[in-house]
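Shown next, in structure tokens, is the structure this report addresses.
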Amino acid sequence: MRVAFVASEAFPFAKVGGLADVVGSLPQALKRLGLEVTIFLPWYWGIEGYYVGEVWFSFAGQREKAGLGHVEHRGVRYVLVGLGDFARERPYGYPDDFRRFARFALATAELVRGFEIVHAHDWQAALLPLLRNLGWFQGRTVYTIHNLAYQGVWNSHEFYAWTGLPGETYYGAGLEHHGSINLMKAGIVNADAVTTVSPRYAWEITTPEGGEGLDGVLRAHQGKLRGILNGLDTEYWNPAADPYLKHPYDADNFAGKALNRKELLAELGLEDRPTLGLVSRFAYQKGIDLVVEAVDGLMDLGVNLAVLGSGDAGLERTFSWLAERLKGRLAYVQGYHEALAHRIYAGSDGFLMPSRFEPCGLAQLIAMRYGTPPIVRAVGGLLDTVQHWETGFMFDTPDVGGVLHGVREFLKHPDRESVAKKAMRKDFSWDGPARAYLALYRELAG
Ligand code: ADP
């Protein structure tokens with residue numbers, strides 16, 4: 001069986017969040033089960049692939065060509081789709097995001113003929129199932145929702161002028177949502193199977209509270225929707241062999257954790273107190289603003305904060321200011337830093353993740369793998385992966401009271417080391433989830 005992944009991110013080539021971790025590691029787990037996956041990724045600026053040819057496709061009434069590159073990473077083959085407007089430093093955040101990913105989808109649809117399964121990820125690839133239904137290629141399609149909050153919404157006038165798709169697809173193929181084009185919706189409606197990244201989130205998105213306006217659509221397609229929990233690349237995220245850490249450790253040789261902790265406190269200029277790590281995109285979803293609101297209360301409880309993140313500019317400024325005001329108690333590093341993220345996961349005593357919603361969440365899995373009990377809101381994938389008082393701590397409400405309650409629970413536990421070790425011994429690998437995907441592909445391929 002030949003499987004194509006189509007996605008906008010894949011670690012280590014392009015990463016904004018958990019999508020990249022999944023696309024970069026699930027194919028390796030599938031390979032261990034004997035399945036070959038080819039990943040189709042935009043050829044972003046800086047990715048060193050070797051040129052293998054080109055593909056022609058139609059866009060905005062013109063014939064266009066995309067250069068094609070190959071690169072292999074840890075035994076998995078990537079096809080890089082070279083469109084000039086991806087030669088930028090980061091994947092998204094530009095005014096022409098929609099247009100660029102529409103081009104990417106149209107070009108890629110020309111390349112996936114011959115694959116039995118085409119597995120499209122998030123709105124950036126959501127056109128693929130619809131294009132299959134229009135006969136552009138033959139494979140069965142799987143569409144995975146990594147985050148329902150980003151839907152790929154645009155006006156229909158430009159969409160049709162760019163894609164040249166028949167106008168009847170507007171209503172007939174589910175593109176229309178409240179008078180606009182909605183690619184997420186089209187992915188859900190047209191795919192043979194829809195998955196999302198945790199069982200709990202699979203249910204939450206069918207409710208008005210969690211459905212981001214698409215709960216009705218999801219309820220109508222519930223029969224083909226299932227939640228498959230994300231795994232972790234446990235080779236890459238491995239405190240016993242992490243090149244970014246000076247002191248390797250695991251649950252049986254735990255002493256290294258305290259040494260990494262000491263290094264982290266020194267590096268960030270923090271006093272010796274229980275230190276909570278936070279590594280995150282600064283987005284509404286993540287509830288980072290709740291940490292800001294709770295900061296005085298957190299200081300009163302006697303914890304430090306080690307914060308790494310970027311996104312919302314207001315939150316970035318606020319944390320820079322707080323770090324000035326609370327020297328020795330709160331450290332903030334702005335930006336995306338792979339190595340520092342590893343050091344925070346390893347060196348912190350707890351990990352704070354007060355998400356308002358969370359499709360799966362990888363950060364809490366990484367924290368547990370590194371023996372750093374996560375303090376999380378009881379929602380989405382966090383509910384499916386953290387056991388309160390056993391492997392981490394949970395609170396209910398997305399507000400200051402909730403955050404402080406979670407941290408109090410953490411501080412109250414008489415034996416946090418046993419929680420840390422129990423968390424480390426849990427299996428968060430891809431082995432189980434990869435089997436679930438394989439079973440789904442087999443079901444579809446018949
Ligand atoms: P999301 O995909 O919603 O951003 P996840 O918890 O699923 O959240 O995945 C986040 C991933 O991105 C984790 O691997 C986390 O370590 C990483 N990450 C987030 N922010 C940063 C940052 N500023 N620097 C380094 N890694 C980060």
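The chains in the structure tokens are called A, B, ... from first to last as shown; in each chain the residues are counted from 1, and the ligands are counted from 1 in the order shown.
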
Review point. Just asking: which residues within range 325-362 of chain A are strand (DSSP E or B) according to DSSP, as a ChimeraX atom specification?
Key: /A:330-334,350-353

Exercise for review: Would you kindly return, as JSON, numbers by chain, each protein, DNA or RNA residue with an atom no farther than 12 Å from any atom of Tyr171 in chain A, considering only C-alpha atoms and excluding same-chain residues fewer than 4 positions away?
Suggested key: {"A": [156, 166, 167, 175, 176, 177, 178, 179, 180, 181, 182, 185, 186, 189]}

N, CA, C and O atoms of the current selection, written as an mmCIF file, in the first residue's frame:
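Final output, again-v6.cif:
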```cif
data_model
loop_
_atom_site.group_PDB
_atom_site.id
_atom_site.type_symbol
_atom_site.label_atom_id
_atom_site.label_comp_id
_atom_site.auth_asym_id
_atom_site.auth_seq_id
_atom_site.Cartn_x
_atom_site.Cartn_y
_atom_site.Cartn_z
ATOM 1 N N SER A 156 -15.239 33.599 -1.910
ATOM 2 C CA SER A 156 -15.442 32.625 -2.988
ATOM 3 C C SER A 156 -15.007 33.180 -4.345
ATOM 4 O O SER A 156 -14.537 32.440 -5.208
ATOM 5 N N PRO A 166 -15.197 24.012 -10.638
ATOM 6 C CA PRO A 166 -16.580 24.284 -11.053
ATOM 7 C C PRO A 166 -17.390 24.932 -9.934
ATOM 8 O O PRO A 166 -17.276 24.536 -8.764
ATOM 9 N N GLY A 167 -18.202 25.930 -10.287
ATOM 10 C CA GLY A 167 -18.967 26.703 -9.312
ATOM 11 C C GLY A 167 -19.912 25.849 -8.474
ATOM 12 O O GLY A 167 -20.211 26.183 -7.319
ATOM 13 N N LEU A 175 -18.013 23.426 0.167
ATOM 14 C CA LEU A 175 -17.031 24.499 0.367
ATOM 15 C C LEU A 175 -17.625 25.697 1.095
ATOM 16 O O LEU A 175 -16.930 26.403 1.815
ATOM 17 N N GLU A 176 -18.927 25.881 0.920
ATOM 18 C CA GLU A 176 -19.565 27.079 1.473
ATOM 19 C C GLU A 176 -19.824 26.944 2.972
ATOM 20 O O GLU A 176 -20.318 25.922 3.444
ATOM 21 N N HIS A 177 -19.475 27.992 3.711
ATOM 22 C CA HIS A 177 -19.842 28.038 5.123
ATOM 23 C C HIS A 177 -20.073 29.496 5.484
ATOM 24 O O HIS A 177 -19.149 30.308 5.383
ATOM 25 N N HIS A 178 -21.304 29.827 5.845
ATOM 26 C CA HIS A 178 -21.679 31.204 6.164
ATOM 27 C C HIS A 178 -21.232 32.194 5.085
ATOM 28 O O HIS A 178 -20.634 33.234 5.382
ATOM 29 N N GLY A 179 -21.422 31.807 3.848
ATOM 30 C CA GLY A 179 -21.155 32.729 2.753
ATOM 31 C C GLY A 179 -19.703 32.862 2.336
ATOM 32 O O GLY A 179 -19.364 33.697 1.497
ATOM 33 N N SER A 180 -18.813 32.056 2.932
ATOM 34 C CA SER A 180 -17.403 32.086 2.516
ATOM 35 C C SER A 180 -16.942 30.678 2.156
ATOM 36 O O SER A 180 -17.634 29.699 2.437
ATOM 37 N N ILE A 181 -15.756 30.625 1.572
ATOM 38 C CA ILE A 181 -15.101 29.329 1.360
ATOM 39 C C ILE A 181 -14.513 28.889 2.697
ATOM 40 O O ILE A 181 -13.888 29.685 3.404
ATOM 41 N N ASN A 182 -14.722 27.635 3.053
ATOM 42 C CA ASN A 182 -14.139 27.093 4.278
ATOM 43 C C ASN A 182 -13.501 25.745 3.943
ATOM 44 O O ASN A 182 -14.188 24.744 3.725
ATOM 45 N N LYS A 185 -14.058 22.704 6.306
ATOM 46 C CA LYS A 185 -15.356 22.057 6.105
ATOM 47 C C LYS A 185 -15.305 21.134 4.884
ATOM 48 O O LYS A 185 -15.787 20.000 4.931
ATOM 49 N N ALA A 186 -14.700 21.618 3.803
ATOM 50 C CA ALA A 186 -14.623 20.805 2.586
ATOM 51 C C ALA A 186 -13.833 19.520 2.847
ATOM 52 O O ALA A 186 -14.166 18.454 2.331
ATOM 53 N N VAL A 189 -16.195 17.156 4.765
ATOM 54 C CA VAL A 189 -17.301 16.652 3.954
ATOM 55 C C VAL A 189 -16.820 15.643 2.913
ATOM 56 O O VAL A 189 -17.467 14.625 2.670
#
```

Point to revise | Nearby residues (only C-alpha atoms) at most 9 Å from range 441-444 of chain A, same-chain spacing under 4 positions excluded, as a PyMOL selection string | key: chain A and resi 1+3+116-117+140-142+192-193+436-437

Per-residue nearest contacts chain A to ligand 1, cut-off 6 Å, using only C-alpha atoms and all ligand atoms, as a tab-separated table:
```
residue	atom	partner	partner_atom_place_in_ligand_line	distance
A:Gly17	CA	ligand 1	2 (O)	3.6
A:Gly18	CA	ligand 1	2 (O)	3.2
A:Leu19	CA	ligand 1	2 (O)	5.7
A:Val279	CA	ligand 1	20 (N)	5.1
A:Ser280	CA	ligand 1	20 (N)	3.7
A:Arg281	CA	ligand 1	20 (N)	4.6
A:Leu308	CA	ligand 1	23 (N)	5.1
A:Gly309	CA	ligand 1	23 (N)	3.6
A:Ser310	CA	ligand 1	23 (N)	5.6
A:Gly335	CA	ligand 1	23 (N)	5.1
A:Tyr336	CA	ligand 1	24 (N)	3.5
A:His337	CA	ligand 1	24 (N)	4.2
A:Glu338	CA	ligand 1	25 (C)	4.4
A:Ala341	CA	ligand 1	25 (C)	5.0
A:Gly361	CA	ligand 1	7 (O)	3.7
A:Leu362	CA	ligand 1	6 (O)	3.8
A:Ala363	CA	ligand 1	6 (O)	4.0
```

DSSP on the backbone, helix (DSSP H, G or I) only: what residues of range 203-240 of chain A does that give? Format it as a PDB file with N, CA and C atoms, in the first residue's frame.
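Result file is out_33.pdb:
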```pdb
ATOM      1  N   TRP A 203     -14.852  14.058  20.373  1.00  0.00           N
ATOM      2  CA  TRP A 203     -16.203  14.300  20.892  1.00  0.00           C
ATOM      3  C   TRP A 203     -16.447  15.805  21.066  1.00  0.00           C
ATOM      4  N   GLU A 204     -15.488  16.517  21.644  1.00  0.00           N
ATOM      5  CA  GLU A 204     -15.684  17.950  21.921  1.00  0.00           C
ATOM      6  C   GLU A 204     -16.044  18.747  20.664  1.00  0.00           C
ATOM      7  N   ASP A 215     -19.582  22.293  14.358  1.00  0.00           N
ATOM      8  CA  ASP A 215     -20.075  21.121  15.092  1.00  0.00           C
ATOM      9  C   ASP A 215     -21.222  20.428  14.360  1.00  0.00           C
ATOM     10  N   GLY A 216     -22.072  21.221  13.717  1.00  0.00           N
ATOM     11  CA  GLY A 216     -23.178  20.620  12.972  1.00  0.00           C
ATOM     12  C   GLY A 216     -22.651  19.759  11.834  1.00  0.00           C
ATOM     13  N   VAL A 217     -21.675  20.277  11.104  1.00  0.00           N
ATOM     14  CA  VAL A 217     -21.059  19.529  10.003  1.00  0.00           C
ATOM     15  C   VAL A 217     -20.430  18.254  10.551  1.00  0.00           C
ATOM     16  N   LEU A 218     -19.743  18.382  11.674  1.00  0.00           N
ATOM     17  CA  LEU A 218     -19.062  17.212  12.249  1.00  0.00           C
ATOM     18  C   LEU A 218     -20.066  16.181  12.752  1.00  0.00           C
ATOM     19  N   ARG A 219     -21.181  16.667  13.313  1.00  0.00           N
ATOM     20  CA  ARG A 219     -22.193  15.701  13.760  1.00  0.00           C
ATOM     21  C   ARG A 219     -22.763  14.954  12.556  1.00  0.00           C
ATOM     22  N   ALA A 220     -22.955  15.688  11.464  1.00  0.00           N
ATOM     23  CA  ALA A 220     -23.500  15.042  10.271  1.00  0.00           C
ATOM     24  C   ALA A 220     -22.541  13.988   9.711  1.00  0.00           C
ATOM     25  N   GLN A 222     -20.307  12.278  11.719  1.00  0.00           N
ATOM     26  CA  GLN A 222     -19.746  11.599  12.890  1.00  0.00           C
ATOM     27  C   GLN A 222     -19.388  10.135  12.604  1.00  0.00           C
ATOM     28  N   GLY A 223     -20.152   9.518  11.704  1.00  0.00           N
ATOM     29  CA  GLY A 223     -19.916   8.102  11.391  1.00  0.00           C
ATOM     30  C   GLY A 223     -18.530   7.831  10.847  1.00  0.00           C
ATOM     31  N   LYS A 224     -17.909   8.826  10.228  1.00  0.00           N
ATOM     32  CA  LYS A 224     -16.575   8.583   9.666  1.00  0.00           C
ATOM     33  C   LYS A 224     -15.479   9.306  10.456  1.00  0.00           C
TER      34      LYS A 224
END
```

Distance query Leu245 in chain A at most 12 Å, only C-alpha atoms, self and fewer than 6 positions along chain excluded, as a PDB file with all heavy atoms, in the first residue's frame:
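The file below, around.pdb, is the result:
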```
ATOM      1  N   TRP A 237      12.691  12.665  21.596  1.00  0.00           N
ATOM      2  CA  TRP A 237      12.408  13.205  22.936  1.00  0.00           C
ATOM      3  C   TRP A 237      12.790  12.146  23.959  1.00  0.00           C
ATOM      4  O   TRP A 237      11.947  11.390  24.427  1.00  0.00           O
ATOM      5  CB  TRP A 237      10.935  13.585  23.076  1.00  0.00           C
ATOM      6  CG  TRP A 237      10.512  14.710  22.185  1.00  0.00           C
ATOM      7  CD1 TRP A 237       9.727  14.625  21.071  1.00  0.00           C
ATOM      8  CD2 TRP A 237      10.829  16.111  22.341  1.00  0.00           C
ATOM      9  NE1 TRP A 237       9.544  15.877  20.520  1.00  0.00           N
ATOM     10  CE2 TRP A 237      10.205  16.803  21.282  1.00  0.00           C
ATOM     11  CE3 TRP A 237      11.573  16.844  23.268  1.00  0.00           C
ATOM     12  CZ2 TRP A 237      10.310  18.184  21.129  1.00  0.00           C
ATOM     13  CZ3 TRP A 237      11.668  18.217  23.110  1.00  0.00           C
ATOM     14  CH2 TRP A 237      11.049  18.872  22.049  1.00  0.00           C
ATOM     15  N   ASN A 238      14.045  12.076  24.265  1.00  0.00           N
ATOM     16  CA  ASN A 238      14.540  11.031  25.154  1.00  0.00           C
ATOM     17  C   ASN A 238      15.570  11.613  26.120  1.00  0.00           C
ATOM     18  O   ASN A 238      16.711  11.864  25.737  1.00  0.00           O
ATOM     19  CB  ASN A 238      15.177   9.919  24.308  1.00  0.00           C
ATOM     20  CG  ASN A 238      15.717   8.797  25.178  1.00  0.00           C
ATOM     21  OD1 ASN A 238      15.504   8.783  26.395  1.00  0.00           O
ATOM     22  ND2 ASN A 238      16.418   7.870  24.549  1.00  0.00           N
ATOM     23  N   PRO A 239      15.184  11.795  27.384  1.00  0.00           N
ATOM     24  CA  PRO A 239      16.102  12.438  28.335  1.00  0.00           C
ATOM     25  C   PRO A 239      17.367  11.608  28.585  1.00  0.00           C
ATOM     26  O   PRO A 239      18.358  12.146  29.087  1.00  0.00           O
ATOM     27  CB  PRO A 239      15.265  12.571  29.614  1.00  0.00           C
ATOM     28  CG  PRO A 239      14.168  11.579  29.474  1.00  0.00           C
ATOM     29  CD  PRO A 239      13.895  11.440  28.009  1.00  0.00           C
ATOM     30  N   GLY A 256      20.360  12.777  37.223  1.00  0.00           N
ATOM     31  CA  GLY A 256      20.685  13.761  36.192  1.00  0.00           C
ATOM     32  C   GLY A 256      19.663  14.881  36.109  1.00  0.00           C
ATOM     33  O   GLY A 256      19.985  16.012  35.728  1.00  0.00           O
ATOM     34  N   LYS A 257      18.427  14.579  36.459  1.00  0.00           N
ATOM     35  CA  LYS A 257      17.368  15.607  36.364  1.00  0.00           C
ATOM     36  C   LYS A 257      17.708  16.809  37.256  1.00  0.00           C
ATOM     37  O   LYS A 257      17.580  17.957  36.827  1.00  0.00           O
ATOM     38  CB  LYS A 257      16.014  15.002  36.742  1.00  0.00           C
ATOM     39  CG  LYS A 257      14.936  16.031  36.921  1.00  0.00           C
ATOM     40  CD  LYS A 257      13.729  15.776  36.063  1.00  0.00           C
ATOM     41  CE  LYS A 257      12.684  16.858  36.298  1.00  0.00           C
ATOM     42  NZ  LYS A 257      12.176  17.485  35.115  1.00  0.00           N
ATOM     43  N   ALA A 258      18.149  16.532  38.470  1.00  0.00           N
ATOM     44  CA  ALA A 258      18.471  17.623  39.402  1.00  0.00           C
ATOM     45  C   ALA A 258      19.640  18.455  38.874  1.00  0.00           C
ATOM     46  O   ALA A 258      19.688  19.679  39.071  1.00  0.00           O
ATOM     47  CB  ALA A 258      18.800  17.049  40.773  1.00  0.00           C
ATOM     48  N   LEU A 259      20.578  17.812  38.186  1.00  0.00           N
ATOM     49  CA  LEU A 259      21.723  18.547  37.632  1.00  0.00           C
ATOM     50  C   LEU A 259      21.273  19.450  36.478  1.00  0.00           C
ATOM     51  O   LEU A 259      21.703  20.598  36.362  1.00  0.00           O
ATOM     52  CB  LEU A 259      22.804  17.576  37.157  1.00  0.00           C
ATOM     53  CG  LEU A 259      23.353  16.631  38.243  1.00  0.00           C
ATOM     54  CD1 LEU A 259      24.332  15.624  37.653  1.00  0.00           C
ATOM     55  CD2 LEU A 259      24.026  17.451  39.358  1.00  0.00           C
ATOM     56  N   ASN A 260      20.385  18.921  35.636  1.00  0.00           N
ATOM     57  CA  ASN A 260      19.846  19.761  34.551  1.00  0.00           C
ATOM     58  C   ASN A 260      19.065  20.936  35.117  1.00  0.00           C
ATOM     59  O   ASN A 260      19.079  22.038  34.574  1.00  0.00           O
ATOM     60  CB  ASN A 260      18.937  18.936  33.640  1.00  0.00           C
ATOM     61  CG  ASN A 260      19.717  17.960  32.778  1.00  0.00           C
ATOM     62  OD1 ASN A 260      20.667  18.346  32.096  1.00  0.00           O
ATOM     63  ND2 ASN A 260      19.355  16.696  32.835  1.00  0.00           N
ATOM     64  N   ARG A 261      18.391  20.668  36.230  1.00  0.00           N
ATOM     65  CA  ARG A 261      17.606  21.715  36.889  1.00  0.00           C
ATOM     66  C   ARG A 261      18.515  22.843  37.354  1.00  0.00           C
ATOM     67  O   ARG A 261      18.241  24.026  37.141  1.00  0.00           O
ATOM     68  CB  ARG A 261      16.856  21.104  38.072  1.00  0.00           C
ATOM     69  CG  ARG A 261      16.103  22.088  38.902  1.00  0.00           C
ATOM     70  CD  ARG A 261      15.415  21.387  40.064  1.00  0.00           C
ATOM     71  NE  ARG A 261      14.550  22.309  40.772  1.00  0.00           N
ATOM     72  CZ  ARG A 261      14.974  23.174  41.689  1.00  0.00           C
ATOM     73  NH1 ARG A 261      16.253  23.212  42.039  1.00  0.00           N
ATOM     74  NH2 ARG A 261      14.127  23.996  42.261  1.00  0.00           N
ATOM     75  N   GLU A 263      21.439  23.642  36.221  1.00  0.00           N
ATOM     76  CA  GLU A 263      21.943  24.374  35.045  1.00  0.00           C
ATOM     77  C   GLU A 263      20.892  25.352  34.515  1.00  0.00           C
ATOM     78  O   GLU A 263      21.217  26.475  34.133  1.00  0.00           O
ATOM     79  CB  GLU A 263      22.279  23.399  33.912  1.00  0.00           C
ATOM     80  CG  GLU A 263      23.234  22.301  34.291  1.00  0.00           C
ATOM     81  CD  GLU A 263      24.614  22.508  33.689  1.00  0.00           C
ATOM     82  OE1 GLU A 263      24.760  23.438  32.880  1.00  0.00           O
ATOM     83  OE2 GLU A 263      25.519  21.728  34.043  1.00  0.00           O
ATOM     84  N   LEU A 264      19.652  24.886  34.481  1.00  0.00           N
ATOM     85  CA  LEU A 264      18.590  25.732  33.934  1.00  0.00           C
ATOM     86  C   LEU A 264      18.385  26.978  34.809  1.00  0.00           C
ATOM     87  O   LEU A 264      18.284  28.093  34.289  1.00  0.00           O
ATOM     88  CB  LEU A 264      17.271  24.952  33.837  1.00  0.00           C
ATOM     89  CG  LEU A 264      16.101  25.761  33.263  1.00  0.00           C
ATOM     90  CD1 LEU A 264      16.261  25.965  31.758  1.00  0.00           C
ATOM     91  CD2 LEU A 264      14.748  25.110  33.557  1.00  0.00           C
ATOM     92  N   GLU A 338      14.729  25.532  19.929  1.00  0.00           N
ATOM     93  CA  GLU A 338      14.631  24.080  20.140  1.00  0.00           C
ATOM     94  C   GLU A 338      15.431  23.640  21.371  1.00  0.00           C
ATOM     95  O   GLU A 338      14.924  22.944  22.247  1.00  0.00           O
ATOM     96  CB  GLU A 338      15.126  23.368  18.867  1.00  0.00           C
ATOM     97  CG  GLU A 338      14.829  21.888  18.809  1.00  0.00           C
ATOM     98  CD  GLU A 338      13.339  21.548  18.752  1.00  0.00           C
ATOM     99  OE1 GLU A 338      12.523  22.364  18.282  1.00  0.00           O
ATOM    100  OE2 GLU A 338      12.995  20.459  19.229  1.00  0.00           O
ATOM    101  N   ALA A 339      16.695  24.053  21.440  1.00  0.00           N
ATOM    102  CA  ALA A 339      17.563  23.558  22.511  1.00  0.00           C
ATOM    103  C   ALA A 339      17.056  24.011  23.882  1.00  0.00           C
ATOM    104  O   ALA A 339      16.998  23.215  24.836  1.00  0.00           O
ATOM    105  CB  ALA A 339      18.995  24.048  22.285  1.00  0.00           C
ATOM    106  N   LEU A 340      16.676  25.271  23.981  1.00  0.00           N
ATOM    107  CA  LEU A 340      16.189  25.771  25.274  1.00  0.00           C
ATOM    108  C   LEU A 340      14.901  25.059  25.675  1.00  0.00           C
ATOM    109  O   LEU A 340      14.686  24.766  26.861  1.00  0.00           O
ATOM    110  CB  LEU A 340      15.978  27.295  25.213  1.00  0.00           C
ATOM    111  CG  LEU A 340      15.432  27.926  26.494  1.00  0.00           C
ATOM    112  CD1 LEU A 340      16.365  27.665  27.677  1.00  0.00           C
ATOM    113  CD2 LEU A 340      15.210  29.427  26.315  1.00  0.00           C
ATOM    114  N   ALA A 341      14.049  24.766  24.689  1.00  0.00           N
ATOM    115  CA  ALA A 341      12.815  24.024  25.005  1.00  0.00           C
ATOM    116  C   ALA A 341      13.184  22.711  25.707  1.00  0.00           C
ATOM    117  O   ALA A 341      12.619  22.374  26.752  1.00  0.00           O
ATOM    118  CB  ALA A 341      12.012  23.755  23.730  1.00  0.00           C
ATOM    119  N   HIS A 342      14.157  21.993  25.165  1.00  0.00           N
ATOM    120  CA  HIS A 342      14.577  20.715  25.787  1.00  0.00           C
ATOM    121  C   HIS A 342      15.078  20.949  27.209  1.00  0.00           C
ATOM    122  O   HIS A 342      14.787  20.167  28.115  1.00  0.00           O
ATOM    123  CB  HIS A 342      15.683  20.054  24.955  1.00  0.00           C
ATOM    124  CG  HIS A 342      15.199  19.482  23.663  1.00  0.00           C
ATOM    125  ND1 HIS A 342      15.299  18.148  23.332  1.00  0.00           N
ATOM    126  CD2 HIS A 342      14.600  20.081  22.603  1.00  0.00           C
ATOM    127  CE1 HIS A 342      14.786  17.947  22.125  1.00  0.00           C
ATOM    128  NE2 HIS A 342      14.373  19.107  21.657  1.00  0.00           N
ATOM    129  N   ARG A 343      15.848  22.010  27.378  1.00  0.00           N
ATOM    130  CA  ARG A 343      16.398  22.268  28.718  1.00  0.00           C
ATOM    131  C   ARG A 343      15.303  22.644  29.710  1.00  0.00           C
ATOM    132  O   ARG A 343      15.392  22.299  30.892  1.00  0.00           O
ATOM    133  CB  ARG A 343      17.475  23.358  28.642  1.00  0.00           C
ATOM    134  CG  ARG A 343      18.703  22.945  27.812  1.00  0.00           C
ATOM    135  CD  ARG A 343      19.917  23.809  28.109  1.00  0.00           C
ATOM    136  NE  ARG A 343      19.766  25.177  27.654  1.00  0.00           N
ATOM    137  CZ  ARG A 343      20.086  25.632  26.427  1.00  0.00           C
ATOM    138  NH1 ARG A 343      20.594  24.788  25.531  1.00  0.00           N
ATOM    139  NH2 ARG A 343      19.933  26.893  26.116  1.00  0.00           N
ATOM    140  N   ILE A 344      14.272  23.331  29.237  1.00  0.00           N
ATOM    141  CA  ILE A 344      13.154  23.669  30.139  1.00  0.00           C
ATOM    142  C   ILE A 344      12.348  22.410  30.491  1.00  0.00           C
ATOM    143  O   ILE A 344      12.003  22.191  31.653  1.00  0.00           O
ATOM    144  CB  ILE A 344      12.253  24.756  29.517  1.00  0.00           C
ATOM    145  CG1 ILE A 344      13.018  26.090  29.468  1.00  0.00           C
ATOM    146  CG2 ILE A 344      10.953  24.917  30.313  1.00  0.00           C
ATOM    147  CD1 ILE A 344      12.252  27.243  28.846  1.00  0.00           C
ATOM    148  N   TYR A 345      12.070  21.574  29.482  1.00  0.00           N
ATOM    149  CA  TYR A 345      11.350  20.326  29.784  1.00  0.00           C
ATOM    150  C   TYR A 345      12.118  19.510  30.830  1.00  0.00           C
ATOM    151  O   TYR A 345      11.540  18.915  31.728  1.00  0.00           O
ATOM    152  CB  TYR A 345      11.173  19.475  28.519  1.00  0.00           C
ATOM    153  CG  TYR A 345      10.109  19.985  27.565  1.00  0.00           C
ATOM    154  CD1 TYR A 345      10.423  20.364  26.260  1.00  0.00           C
ATOM    155  CD2 TYR A 345       8.779  20.077  27.969  1.00  0.00           C
ATOM    156  CE1 TYR A 345       9.453  20.824  25.380  1.00  0.00           C
ATOM    157  CE2 TYR A 345       7.801  20.533  27.110  1.00  0.00           C
ATOM    158  CZ  TYR A 345       8.140  20.903  25.815  1.00  0.00           C
ATOM    159  OH  TYR A 345       7.170  21.360  24.954  1.00  0.00           O
ATOM    160  N   ALA A 346      13.444  19.479  30.689  1.00  0.00           N
ATOM    161  CA  ALA A 346      14.249  18.633  31.582  1.00  0.00           C
ATOM    162  C   ALA A 346      14.472  19.282  32.944  1.00  0.00           C
ATOM    163  O   ALA A 346      14.466  18.599  33.969  1.00  0.00           O
ATOM    164  CB  ALA A 346      15.597  18.336  30.925  1.00  0.00           C
ATOM    165  N   GLY A 347      14.659  20.596  32.962  1.00  0.00           N
ATOM    166  CA  GLY A 347      15.119  21.254  34.187  1.00  0.00           C
ATOM    167  C   GLY A 347      14.020  21.783  35.091  1.00  0.00           C
ATOM    168  O   GLY A 347      14.295  22.187  36.224  1.00  0.00           O
ATOM    169  N   TYR A 370       9.950  13.705  30.272  1.00  0.00           N
ATOM    170  CA  TYR A 370      11.142  14.257  30.910  1.00  0.00           C
ATOM    171  C   TYR A 370      10.991  14.340  32.431  1.00  0.00           C
ATOM    172  O   TYR A 370      11.755  15.016  33.108  1.00  0.00           O
ATOM    173  CB  TYR A 370      11.470  15.639  30.309  1.00  0.00           C
ATOM    174  CG  TYR A 370      12.183  15.520  28.971  1.00  0.00           C
ATOM    175  CD1 TYR A 370      11.546  14.963  27.861  1.00  0.00           C
ATOM    176  CD2 TYR A 370      13.514  15.913  28.815  1.00  0.00           C
ATOM    177  CE1 TYR A 370      12.202  14.811  26.647  1.00  0.00           C
ATOM    178  CE2 TYR A 370      14.175  15.765  27.597  1.00  0.00           C
ATOM    179  CZ  TYR A 370      13.508  15.225  26.524  1.00  0.00           C
ATOM    180  OH  TYR A 370      14.162  15.059  25.326  1.00  0.00           O
TER     181      TYR A 370
END
```

Kindly provide the residues of range 98-168 of chain A that approach range 77-84 of chain A to within 8 Å, each paired with its closest atom pair and their distance in Å to one decimal, based on only C-alpha atoms, listed by chain and increasing number, as CSV.
```
residue,atom,partner,partner_atom,distance
A:Phe104,CA,A:Val81,CA,7.3
A:Ala107,CA,A:Val81,CA,7.7
A:Thr108,CA,A:Val81,CA,7.4
```

I need the chosen residues saved as an mmCIF file, in the first residue's frame, with N, CA, C and O atoms.
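Printed below is selection.cif as written:
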```cif
data_model
loop_
_atom_site.group_PDB
_atom_site.id
_atom_site.type_symbol
_atom_site.label_atom_id
_atom_site.label_comp_id
_atom_site.auth_asym_id
_atom_site.auth_seq_id
_atom_site.Cartn_x
_atom_site.Cartn_y
_atom_site.Cartn_z
ATOM 1 N N PHE A 104 -0.463 25.145 -3.464
ATOM 2 C CA PHE A 104 0.231 23.940 -3.015
ATOM 3 C C PHE A 104 -0.672 22.707 -3.193
ATOM 4 O O PHE A 104 -0.242 21.668 -3.700
ATOM 5 N N ALA A 107 -1.115 21.849 -6.960
ATOM 6 C CA ALA A 107 0.099 21.235 -7.520
ATOM 7 C C ALA A 107 0.261 19.812 -6.990
ATOM 8 O O ALA A 107 0.586 18.882 -7.743
ATOM 9 N N THR A 108 -0.006 19.632 -5.708
ATOM 10 C CA THR A 108 0.207 18.324 -5.094
ATOM 11 C C THR A 108 -0.789 17.286 -5.609
ATOM 12 O O THR A 108 -0.452 16.107 -5.753
#
```

Once you count only C-alpha atoms, what closest atom pair and distance in Å to one decimal does each residue of range 323-437 of chain A within 10 Å of range 289-296 of chain A have, with rows by chain and rising residue number, as CSV?
```
residue,atom,partner,partner_atom,distance
A:Leu326,CA,A:Val295,CA,9.9
A:Leu330,CA,A:Val295,CA,9.3
A:Leu352,CA,A:Val291,CA,8.8
A:Met353,CA,A:Val291,CA,9.3
A:Pro354,CA,A:Leu290,CA,7.5
A:Ser355,CA,A:Leu290,CA,9.3
A:Arg356,CA,A:Leu290,CA,9.7
A:Pro398,CA,A:Leu290,CA,7.5
A:Asp399,CA,A:Leu290,CA,6.0
A:Val400,CA,A:Ala294,CA,5.2
A:Gly401,CA,A:Ala294,CA,8.0
A:Gly402,CA,A:Leu290,CA,9.2
A:Val403,CA,A:Ala294,CA,7.2
A:Leu404,CA,A:Ala294,CA,7.0
```
